[in-house]
Each structure stands twice: as C-alpha cells, then as structure tokens.
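Colleague: What follows is entry.tsv, made up of TSV, C-alpha atoms and all ligand atoms:
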chain	number	residue	atom	x	y	z
A	1	MET	CA	84.14	111.65	103.43
A	2	ALA	CA	85.17	110.01	100.20
A	3	THR	CA	82.89	107.51	98.59
A	4	VAL	CA	84.12	103.96	98.19
A	5	PRO	CA	83.36	102.96	94.61
A	6	TRP	CA	83.44	99.22	95.22
A	7	ALA	CA	81.51	99.25	98.48
A	8	ASP	CA	78.11	99.05	96.82
A	9	THR	CA	78.92	96.45	94.21
A	10	LEU	CA	80.49	93.99	96.62
A	11	ASN	CA	78.46	95.08	99.61
A	12	ASP	CA	81.49	94.75	101.83
A	13	PRO	CA	80.55	95.67	105.39
A	14	LEU	CA	84.21	96.40	106.15
A	15	ALA	CA	84.73	98.80	103.23
A	16	GLU	CA	84.60	101.92	105.35
A	17	LEU	CA	87.05	100.61	107.94
A	18	VAL	CA	89.41	99.37	105.25
A	19	GLU	CA	89.43	102.76	103.59
A	20	GLN	CA	90.12	104.56	106.85
A	21	ALA	CA	92.91	102.11	107.69
A	22	GLN	CA	94.41	102.70	104.26
A	23	ARG	CA	94.58	106.40	105.08
A	24	GLY	CA	96.63	105.56	108.17
A	25	ASP	CA	93.84	105.68	110.72
A	26	ARG	CA	95.20	103.53	113.52
A	27	VAL	CA	91.89	103.31	115.34
A	28	ALA	CA	90.27	101.93	112.19
A	29	LEU	CA	93.16	99.52	111.72
A	30	ALA	CA	92.72	98.21	115.26
A	31	GLU	CA	88.99	97.83	114.68
A	32	LEU	CA	89.58	96.04	111.38
A	33	ILE	CA	91.96	93.60	113.09
A	34	ARG	CA	89.54	93.05	115.96
A	35	GLU	CA	86.73	92.34	113.46
A	36	THR	CA	88.67	89.77	111.47
A	37	GLN	CA	91.29	88.23	113.75
A	38	ASP	CA	89.08	85.33	114.88
A	39	ARG	CA	88.58	84.28	111.26
A	40	VAL	CA	92.31	84.20	110.62
A	41	TYR	CA	92.99	82.53	113.96
A	42	ASN	CA	90.45	79.78	113.33
A	43	LEU	CA	91.73	79.16	109.84
A	44	ALA	CA	95.28	78.93	111.19
A	45	TYR	CA	94.16	76.66	114.00
A	46	ARG	CA	92.34	74.39	111.59
A	47	ILE	CA	95.43	73.99	109.45
A	48	LEU	CA	98.16	74.05	112.10
A	49	GLY	CA	96.24	72.31	114.88
A	50	ASN	CA	97.95	74.21	117.66
A	51	ALA	CA	96.68	77.31	119.47
A	52	GLN	CA	100.07	78.95	120.07
A	53	GLU	CA	101.19	78.38	116.48
A	54	ALA	CA	97.84	79.71	115.27
A	55	GLU	CA	98.19	82.93	117.27
A	56	ASP	CA	101.75	83.49	116.09
A	57	LEU	CA	100.66	82.96	112.53
A	58	THR	CA	97.65	85.26	112.95
A	59	GLN	CA	100.07	87.97	114.02
A	60	GLU	CA	102.24	87.34	110.97
A	61	VAL	CA	99.23	87.36	108.65
A	62	PHE	CA	98.12	90.76	109.90
A	63	VAL	CA	101.60	92.23	109.53
A	64	ARG	CA	101.54	91.00	105.91
A	65	MET	CA	98.03	92.36	105.47
A	66	TRP	CA	99.15	95.75	106.79
A	67	ARG	CA	102.10	95.84	104.43
A	68	ALA	CA	99.89	94.98	101.45
A	69	LEU	CA	96.97	97.18	102.51
A	70	PRO	CA	97.92	100.19	100.34
A	71	ARG	CA	97.69	97.91	97.28
A	72	PHE	CA	94.24	96.56	98.17
A	73	ARG	CA	91.86	98.03	95.60
A	74	GLY	CA	88.65	96.28	96.52
A	75	ASP	CA	88.53	93.85	93.60
A	76	SER	CA	87.19	91.38	96.11
A	77	LYS	CA	85.73	91.62	99.58
A	78	PHE	CA	88.31	92.45	102.20
A	79	THR	CA	87.75	89.14	103.99
A	80	THR	CA	88.30	87.17	100.78
A	81	TRP	CA	91.57	89.01	100.24
A	82	LEU	CA	92.58	88.45	103.86
A	83	HIS	CA	91.75	84.75	103.60
A	84	THR	CA	94.02	84.48	100.58
A	85	ILE	CA	96.93	85.94	102.53
A	86	ALA	CA	96.07	83.79	105.54
A	87	THR	CA	95.69	80.53	103.60
A	88	ASN	CA	99.00	80.97	101.82
A	89	ALA	CA	100.77	81.85	105.05
A	90	CYS	CA	99.20	78.88	106.86
A	91	LEU	CA	100.09	76.36	104.20
A	92	ASN	CA	103.65	77.67	104.02
A	93	ARG	CA	104.03	77.49	107.76
A	94	LYS	CA	102.52	74.04	107.85
A	95	ARG	CA	105.02	72.84	105.29
A	96	SER	CA	107.97	74.10	107.31
A	97	LEU	CA	106.52	72.82	110.57
A	98	ARG	CA	105.74	69.40	109.25
A	99	ARG	CA	109.39	68.48	109.31
A	100	GLN	CA	110.29	69.84	112.71
A	101	LEU	CA	107.28	69.83	114.93
A	102	ASP	CA	104.74	67.46	116.20
A	103	THR	CA	101.59	69.41	115.52
A	104	GLN	CA	99.36	67.47	117.83
A	105	LEU	CA	96.04	69.15	118.28
A	106	ASP	CA	95.83	70.48	121.78
A	107	ALA	CA	92.22	69.48	121.86
A	108	ALA	CA	91.77	70.05	125.58
A	109	ASN	CA	92.60	73.74	125.25
A	110	TRP	CA	90.30	74.11	122.27
A	111	LEU	CA	87.35	72.29	123.78
A	112	ASP	CA	87.55	74.16	127.09
A	113	ALA	CA	86.62	77.36	125.34
A	114	LEU	CA	83.77	76.01	123.25
A	115	PRO	CA	80.42	77.69	123.83
A	116	SER	CA	78.48	76.21	126.70
A	117	ALA	CA	75.29	74.22	126.23
A	118	GLU	CA	72.76	76.76	127.46
A	119	ASP	CA	72.54	78.92	124.36
A	120	GLY	CA	71.37	76.39	121.78
A	121	PRO	CA	67.89	76.83	120.31
A	122	ALA	CA	65.36	74.30	121.55
A	123	GLU	CA	64.65	72.89	118.10
A	124	ASP	CA	68.31	72.01	117.55
A	125	LEU	CA	68.54	68.73	115.72
A	126	LEU	CA	71.86	67.84	117.27
A	127	ALA	CA	72.89	67.75	120.87
A	128	ARG	CA	75.75	70.08	121.72
A	129	ASP	CA	78.23	67.32	122.53
A	130	GLU	CA	77.43	65.46	119.33
A	131	ARG	CA	78.24	68.55	117.30
A	132	THR	CA	81.45	68.99	119.24
A	133	ARG	CA	82.41	65.46	118.25
A	134	LEU	CA	81.61	66.27	114.66
A	135	TRP	CA	83.88	69.34	114.74
A	136	GLU	CA	86.61	67.19	116.27
A	137	MET	CA	86.23	64.71	113.46
A	138	VAL	CA	87.08	67.42	110.97
A	139	GLU	CA	90.55	67.54	112.55
A	140	ARG	CA	91.21	63.99	111.44
A	141	LEU	CA	90.45	64.64	107.79
A	142	PRO	CA	93.18	65.37	105.27
A	143	GLU	CA	94.35	68.97	105.16
A	144	LYS	CA	92.65	69.96	101.91
A	145	TYR	CA	89.30	68.80	103.26
A	146	ARG	CA	89.79	70.59	106.58
A	147	LEU	CA	90.64	73.71	104.65
A	148	VAL	CA	87.54	73.80	102.46
A	149	LEU	CA	85.29	72.77	105.32
A	150	THR	CA	86.47	75.60	107.55
A	151	LEU	CA	86.31	78.13	104.72
A	152	PHE	CA	82.78	77.13	103.76
A	153	TYR	CA	81.07	76.34	107.06
A	154	GLN	CA	83.04	78.12	109.74
A	155	GLN	CA	84.27	81.15	107.82
A	156	GLN	CA	81.14	81.19	105.65
A	157	LEU	CA	82.81	81.98	102.35
A	158	THR	CA	80.86	81.25	99.17
A	159	TYR	CA	82.04	78.62	96.68
A	160	GLN	CA	83.20	81.45	94.43
A	161	GLU	CA	85.18	83.11	97.22
A	162	ILE	CA	86.86	79.82	98.17
A	163	ALA	CA	87.80	79.28	94.53
A	164	GLN	CA	89.38	82.74	94.56
A	165	VAL	CA	91.23	82.17	97.84
A	166	LEU	CA	92.63	78.78	96.83
A	167	THR	CA	93.03	79.70	93.15
A	168	LEU	CA	91.17	76.55	92.20
A	169	PRO	CA	88.39	76.10	89.65
A	170	LEU	CA	84.90	76.32	91.10
A	171	GLY	CA	84.24	72.69	90.19
A	172	THR	CA	87.31	71.53	92.10
A	173	VAL	CA	86.23	73.43	95.20
A	174	LYS	CA	82.79	71.80	95.06
A	175	ALA	CA	84.35	68.39	94.50
A	176	HIS	CA	86.69	68.83	97.49
A	177	LEU	CA	83.77	69.90	99.65
A	178	ASN	CA	81.60	66.98	98.55
A	179	ARG	CA	84.39	64.51	99.25
A	180	ALA	CA	84.92	66.11	102.64
A	181	ARG	CA	81.19	65.81	103.39
A	182	ASN	CA	81.24	62.17	102.34
A	183	ALA	CA	84.32	61.50	104.45
A	184	LEU	CA	82.68	63.04	107.49
A	185	ALA	CA	79.48	61.08	106.91
A	186	ALA	CA	81.51	57.89	106.60
A	187	SER	CA	83.38	58.51	109.85
A	188	LEU	CA	80.09	59.26	111.62
A	189	GLU	CA	78.84	55.90	110.50
A	190	LYS	CA	82.06	54.24	111.59
A	191	VAL	CA	82.06	55.64	115.11
A	192	GLY	CA	78.35	54.98	115.32
A	193	ILE	CA	77.13	58.49	116.15
A	194	ARG	CA	74.44	57.84	113.63
B	195	MET	CA	67.62	53.71	84.98
B	196	THR	CA	69.99	54.95	87.71
B	197	ASN	CA	72.06	52.90	90.05
B	198	CYS	CA	73.15	53.70	93.59
B	199	GLN	CA	76.70	54.55	92.58
B	200	ASP	CA	75.59	57.36	90.25
B	201	ILE	CA	73.18	58.72	92.83
B	202	GLN	CA	75.68	58.56	95.73
B	203	GLY	CA	77.99	60.88	93.82
B	204	LEU	CA	75.24	63.52	93.68
B	205	LEU	CA	74.09	63.24	97.27
B	206	PRO	CA	76.54	65.58	99.10
B	207	GLN	CA	75.73	68.50	96.80
B	208	TYR	CA	72.03	67.62	96.88
B	209	VAL	CA	72.01	67.83	100.67
B	210	ALA	CA	74.24	70.93	100.74
B	211	ASP	CA	71.84	72.64	98.34
B	212	GLY	CA	69.00	71.99	100.76
B	213	GLN	CA	67.51	68.90	99.07
B	214	PRO	CA	65.69	70.85	96.35
B	215	ALA	CA	62.73	69.21	94.67
B	216	ALA	CA	63.14	70.79	91.29
B	217	GLY	CA	65.24	70.33	88.21
B	218	GLU	CA	68.46	68.39	88.16
B	219	TYR	CA	67.70	66.54	91.37
B	220	ALA	CA	64.42	65.00	90.17
B	221	ALA	CA	66.17	61.70	89.46
B	222	VAL	CA	67.77	61.75	92.91
B	223	ARG	CA	64.43	62.24	94.62
B	224	ALA	CA	62.84	59.51	92.57
B	225	HIS	CA	65.65	57.14	93.54
B	226	LEU	CA	65.43	58.04	97.21
B	227	ASN	CA	61.76	57.07	97.24
B	228	SER	CA	62.73	53.50	96.59
B	229	CYS	CA	66.28	53.09	98.03
B	230	THR	CA	66.69	52.93	101.80
B	231	ASN	CA	70.47	52.64	101.45
B	232	CYS	CA	70.83	56.00	99.72
B	233	LEU	CA	68.25	57.51	102.05
B	234	ALA	CA	70.45	56.51	105.00
B	235	THR	CA	73.39	58.30	103.34
B	236	VAL	CA	71.24	61.40	102.93
B	237	GLU	CA	70.43	61.29	106.64
B	238	LEU	CA	74.13	61.10	107.53
B	239	LEU	CA	74.96	63.94	105.17
B	240	GLN	CA	72.12	66.01	106.59
B	241	TYR	CA	73.54	65.39	110.05
B	242	VAL	CA	76.92	66.65	108.85
B	243	GLU	CA	75.32	69.66	107.18
B	244	THR	CA	73.35	70.63	110.28
B	245	GLY	CA	76.29	70.06	112.58
B	246	LEU	CA	78.66	72.18	110.53
B	247	SER	CA	76.18	74.96	109.81
B	248	ASP	CA	76.61	76.42	113.29
B	249	TRP	CA	80.27	75.69	113.71
B	250	PRO	CA	81.37	78.66	115.82
B	251	LEU	CA	84.53	80.68	115.40
B	252	GLN	CA	86.77	80.09	118.36
B	253	PRO	CA	87.74	83.44	119.91
B	254	ALA	CA	91.48	84.14	120.00
B	255	SER	CA	93.09	85.46	123.18
B	256	PRO	CA	91.71	88.85	124.18
B	257	ASP	CA	95.07	90.57	123.89
B	258	LEU	CA	95.78	89.33	120.37
B	259	THR	CA	94.73	92.63	118.76
B	260	ASN	CA	97.27	94.52	120.85
B	261	ARG	CA	100.01	92.03	120.09
B	262	ILE	CA	99.26	92.35	116.37
B	263	LEU	CA	99.39	96.15	116.57
B	264	ALA	CA	102.68	95.94	118.47
B	265	ALA	CA	104.07	93.62	115.80
B	266	ILE	CA	103.00	96.08	113.10
B	267	ASP	CA	104.73	98.91	114.99
B	268	ARG	CA	107.94	96.89	115.32
B	269	GLU	CA	107.76	95.94	111.67
B	270	ALA	CA	107.67	99.40	110.19
B	271	PRO	CA	107.79	102.50	112.31
B	272	ILE	CA	106.25	105.46	110.53
B	273	GLU	CA	109.07	107.42	108.91
B	274	PRO	CA	109.00	110.96	110.28
B	275	TRP	CA	109.21	112.49	106.82
B	276	ARG	CA	106.04	110.67	105.86
B	277	LEU	CA	104.15	112.07	108.81
B	278	LEU	CA	103.13	115.15	106.83
B	279	PRO	CA	102.51	115.59	103.12
B	280	TRP	CA	105.35	117.42	101.43
B	281	ASN	CA	103.20	120.41	100.48
B	282	ILE	CA	102.89	121.11	104.18
B	283	TRP	CA	106.37	120.30	105.41
B	284	LEU	CA	108.19	122.05	102.57
B	285	PRO	CA	106.69	125.50	103.22
B	286	ALA	CA	107.22	124.89	106.94
B	287	LEU	CA	110.87	124.10	106.27
B	288	THR	CA	111.17	127.24	104.13
B	289	LEU	CA	109.73	129.28	106.96
B	290	LEU	CA	112.28	127.83	109.37
B	291	VAL	CA	115.12	128.61	106.97
B	292	ALA	CA	113.82	132.13	106.53
B	293	LEU	CA	113.59	132.66	110.27
B	294	ALA	CA	117.10	131.27	110.71
B	295	LEU	CA	118.34	133.68	108.05
B	296	ALA	CA	116.58	136.57	109.73
B	297	ILE	CA	117.99	135.75	113.14
B	298	PHE	CA	121.58	134.86	112.24
B	299	LEU	CA	122.24	137.22	109.35
B	300	THR	CA	120.68	140.36	110.75
B	301	PRO	CA	123.62	142.80	111.11
B	302	SER	CA	124.87	142.96	114.63
B	303	MET	CA	124.10	146.16	116.36
B	304	GLN	CA	127.01	148.03	117.73
B	305	GLY	CA	127.46	150.98	119.91
B	306	GLU	CA	124.57	153.02	120.96
B	307	LEU	CA	121.15	152.47	119.86
B	308	GLY	CA	120.48	154.19	116.59
B	309	THR	CA	123.83	153.56	114.92
B	310	VAL	CA	124.75	150.48	113.01
B	311	SER	CA	128.20	150.05	111.55
B	312	TRP	CA	127.72	148.29	108.29
B	313	ILE	CA	131.29	148.71	107.11
B	314	GLU	CA	134.14	149.75	109.33
B	315	PRO	CA	134.71	153.44	108.46
B	316	VAL	CA	138.08	153.91	106.77
B	317	LYS	CA	139.52	157.34	107.49
B	318	ALA	CA	141.99	157.40	104.61
B	319	VAL	CA	139.39	156.99	102.00
B	320	PRO	CA	137.79	160.31	101.11
B	321	LEU	CA	134.57	158.75	100.11
B	322	GLN	CA	133.71	157.50	103.47
B	323	VAL	CA	130.94	155.07	103.54
B	324	GLN	CA	129.16	154.99	106.75
B	325	PHE	CA	125.85	153.31	106.74
B	326	SER	CA	123.67	154.37	109.50
B	327	ALA	CA	120.17	153.27	110.05
B	328	ASP	CA	117.71	152.61	112.70
B	329	PRO	CA	118.31	148.96	113.81
B	330	ALA	CA	114.57	148.42	114.00
B	331	LEU	CA	114.36	149.37	110.33
B	332	LEU	CA	117.17	146.94	109.40
B	333	LEU	CA	115.58	144.18	111.34
B	334	ALA	CA	112.30	144.89	109.62
B	335	LEU	CA	114.05	144.77	106.22
B	336	TRP	CA	115.62	141.39	107.00
B	337	ILE	CA	112.46	139.88	108.27
B	338	GLY	CA	110.65	141.26	105.24
B	339	PHE	CA	113.21	139.68	102.92
B	340	SER	CA	113.08	136.37	104.73
B	341	THR	CA	109.33	136.33	104.71
B	342	ALA	CA	109.42	136.95	100.98
B	343	VAL	CA	111.73	133.94	100.55
B	344	CYS	CA	109.39	131.91	102.65
B	345	GLY	CA	106.39	133.10	100.65
B	346	ILE	CA	108.07	132.11	97.40
B	347	GLY	CA	108.77	128.68	98.89
B	348	ILE	CA	105.16	128.22	99.90
B	349	THR	CA	103.88	129.43	96.55
B	350	LEU	CA	106.20	127.06	94.66
B	351	ALA	CA	105.19	124.16	96.83
B	352	LEU	CA	101.49	124.77	96.43
B	353	VAL	CA	101.65	125.49	92.71
B	354	HIS	CA	103.51	122.26	91.99
B	355	GLY	CA	101.46	120.17	94.34
B	356	ARG	CA	97.77	119.82	94.84
B	357	LEU	CA	96.19	121.70	97.66
B	358	PRO	CA	95.78	119.23	100.47
B	359	ASP	CA	92.16	118.20	100.49
B	360	GLU	CA	89.99	117.42	103.43
B	361	GLU	CA	90.94	113.75	103.37
B	362	GLU	CA	94.64	114.39	103.53
B	363	LEU	CA	94.23	116.85	106.34
B	364	ASP	CA	92.10	114.24	108.08
B	365	HIS	CA	94.94	111.81	107.62
B	366	VAL	CA	97.43	114.29	109.04
B	367	ARG	CA	95.20	114.98	111.99
B	368	HIS	CA	94.86	111.26	112.71
B	369	ARG	CA	98.58	110.67	112.54
B	370	LEU	CA	99.40	113.70	114.63
B	371	SER	CA	96.87	112.75	117.28
B	372	ASP	CA	98.21	109.21	117.23
B	373	LYS	CA	101.77	110.48	117.71
B	374	ALA	CA	100.65	112.78	120.49
B	375	HIS	CA	98.79	109.91	122.12
B	376	ARG	CA	101.85	107.68	121.99
B	377	LEU	CA	104.11	110.43	123.36
B	378	TRP	CA	101.59	110.97	126.13
B	379	ARG	CA	101.63	107.28	127.03
B	380	LEU	CA	105.41	107.22	126.85
B	381	ALA	CA	105.59	110.23	129.15
B	382	GLY	CA	103.19	108.51	131.52
B	383	GLN	CA	105.40	105.48	131.95
C	1	ZN	ZN	70.44	53.80	96.15
Would you mind writing the file's structure down as structure tokens?
Ligand SMILES: [Zn+2]
Modeller:
Amino acid sequence: MATVPWADTLNDPLAELVEQAQRGDRVALAELIRETQDRVYNLAYRILGNAQEAEDLTQEVFVRMWRALPRFRGDSKFTTWLHTIATNACLNRKRSLRRQLDTQLDAANWLDALPSAEDGPAEDLLARDERTRLWEMVERLPEKYRLVLTLFYQQQLTYQEIAQVLTLPLGTVKAHLNRARNALAASLEKVGIR
Amino acid sequence: MTNCQDIQGLLPQYVADGQPAAGEYAAVRAHLNSCTNCLATVELLQYVETGLSDWPLQPASPDLTNRILAAIDREAPIEPWRLLPWNIWLPALTLLVALALAIFLTPSMQGELGTVSWIEPVKAVPLQVQFSADPALLLALWIGFSTAVCGIGITLALVHGRLPDEEELDHVRHRLSDKAHRLWRLAGQ
C-alpha cells in the first residue's frame, strides 16, 4: 500500500479513502460519499432552504467532486476542498434560483427529523426546543451569516479552513462570524428567549 | 478608560474564545465587573455559543449515496480502453493478432494427411517445385512465428512502459471485479 505523503501533516482521517477512490476503487468512493454527503447536504440546505433542492445540489456537487478528484493533491484536507466545491455550487445555484423560485424553508420537513429529546446530556444548559428555535433563527439571517455559521458550528471547520473555502481573509471571516453571533443574540433578545 | 461601545465590539470573539482571563481580554473582564449591560450581552452570546455548539448535521435521505453513484455513472461511463493499462492490453492485443495470423494464414491442408500443396505443381516446368511437409510441422512453424511476433510485441510494450506495480494491478483488479459485479447484477435482472 502506498504511503500518503500529506496524510500525516494534515492529519486527514479521509486520506486513505480519498487515495483509494483516486485509484478507481468504487467501494472507497461510495464510502467517501457516505462519510461526507451529510455535510454537503446540510450546507446546501442552509443556503438553499429547501430539502429537495439541497439533495439535487448534493448530487451535483459529488459529480463535480468525482470529476475533479484526480487533480486533488492533498494541499488541504479533503473536506475543506469538498466544501469549496459545495459552497461555490450552492451560491451559484442560489443565484439562479433566486429569480425563479420561492425558496421557502420547508421547516416542517426539517424539524420532523431533528434528533429527539431523550439523548441530551443532563447538564445541558439549553432545553432541546430552545436550541431548535435558535437553529431556526439562523435561517432568518442574511446568507453570508448563515454560511459562516454553518461552516463554523455545524460543519466544524476552523477559521482558517473557512477563509480557504470562501477565499476571504481570515479577519473578514472572523468579522462575519462575530456579526452573525451578534445578530443571533439580538434576535434572541427580541423574541424574548432570553 | 473604555466605553461600552468599544467593549461590545470585542464580546462575540471573547465569548467564542471561551471567555479567557488572560492577555488581550483583561480590559473586557475588568469592564464586565462593573457593567451589567455588557454582562447581559455576554450571557446572550454565551447562549448562542452553547446552542450552536451542538448543532447536529441533518441526515440526508438514506438512498442519497446510491443516487449520487448513479449520477456519477451516467455522467462518465468508464471508457473500455481505460479499463486496463496499456502495457497489459497491448501485449494482449498482440497475442490476439498473432493467434489470428496463425489460424487464418496457416496453409490449408489438402488431400491426404501428410501432403501439403504449397504451390500448384506445374508439369511443364522442369524444375518442379513441390513442397511437401508434415502439416503438423507447418502448423508448428506458424504458431512459432506468431508467438515470436507476440513476444516482440510484449517485449516492446514492457520496455517502453513501466512494469505495472502492485498498485496498478490492484486498480485493475478493483475495476475488473466492479465490472464483473455489475454484469452479474445486470444478468440477475
Ligand atoms: Zn458596558
């Protein structure tokens, strides 16, 4: 088995799968998709606000990923690279949809599938339904705030990785995030959750 | 020395960084000791931070992986010539050509066993050429010649290319087994 030179430096847990998929291993490709599809789907959902659109776009993103896979050289983590493809595809799609479609959030569908209340740790500071309301509030923020919030909190990218994905300076990413945090705090105050 | 407006600008990052006591945030902490307004903002921001920190990924439909794989298959079917590296298919092709040569060009056997008419004997010509040989020997000669052609083909292919290493063979095995699997499923339908 060949060594993956960048696996150690970036500590990418997907390095092995990526390398096998690059060699045409279909089983590895399927596994790689299974491991990462929820990230892409959630990012798409956050930007497009519609489950069906998000799934269609997830499919498109992975086709693009597969086409570009031979050129992936591990300069970044695989997920960072994938997020770059996904973010660009999402924003493009959003732009074309904005004119034609009413992208109402099908919140009912989304909320039905949220995790149930029984698995929260006892010392949780927030009640489950309060957190759900907080996540809903993110949907009402401007797109650029939704985007950085999902990348940082839900997708758990670092500031540096977000800067890479959005091709923005690190300071701008932090500023966007801080404004998004402030905006959320302000809407919490407004609706009187806190 | 600091007013609320300056401090408010620092609060989101302060909370996101885990409200550290040290360094750059010393002024913030000092201010928070005496300003209930900013302290209330910190509480709101902490609420946001805690609420978002376990924001779960929503699972996509269970069959999404299969739909993605199907889309990839539709997008770009594997070209058959790319199924095998050239330093395997070229010698194989040479072998096929050699076998074809051996089968189709081997002189037809006429008459009884043991006599092969190479050239139609011409009676008028004194120097009559009649080539007679054991057909098994001729066949052996042709196959020998063809095999030599094939051998040259293989040698050329391998000399000009690298020997396929373990990885490439692995790759070939994967693709072949994948093809076989798909044919199997197709046959099953
Ligand atoms: Zn203050």
Colleague: Quick one: of A:Gln160, A:Asn11, A:Thr132, A:Asn92, who's nearest to chain B, counting only C-alpha atoms?
Modeller: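 Using only C-alpha atoms, the shortest distance to chain B belongs to A:Thr132.
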Colleague: At a cut-off of 6 Å and counting only C-alpha atoms and all ligand atoms, what residues surround ligand ZN 1 (chain C)? Please answer as a list of chain:residue names.
Modeller: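 Those residues are B:Cys198, B:Cys229, B:Asn231, B:Cys232.
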Colleague: Got a sec to pull out which chain A residues are within 7 Å of chain B, counting only C-alpha atoms, and send them as a list in words?
Modeller: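 Residues of chain A within 7 Å of chain B, counting only C-alpha atoms: Arg23, Gly24, Asp25, Ala30, Ile33, Arg34, Asp38, Arg39, Tyr41, Asn42, Gln59, Phe62, Val63, Leu126, Arg131, Leu134, Tyr153, Gln154, Asn178, Arg181, Asn182, Leu184, Ala185 and Arg194 of chain A.
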Colleague: Would you compute the distance between atom CA of Gln155 of chain A and atom CA of Ala28 of chain A? Give it in Å to one decimal.
Modeller: 22.1 Å
Colleague: Choose the residue, out of B:Asn197, B:Ser371, B:Thr349, B:Ser340, that has the smallest atom-to-atom separation from Val222 of chain B; count all atoms listed in the file.
Modeller: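 Under the stated criterion, the closest residue is B:Asn197.
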Colleague: Using all atoms listed in the file, which protein or nucleic acid residues come within 10 Å of Pro142 of chain A? Drop anything in the same chain fewer than 6 positions from it, and give the result as a list in words.
Modeller: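 Here the answer would be Ile47, Ala180 and Ala183 of chain A.
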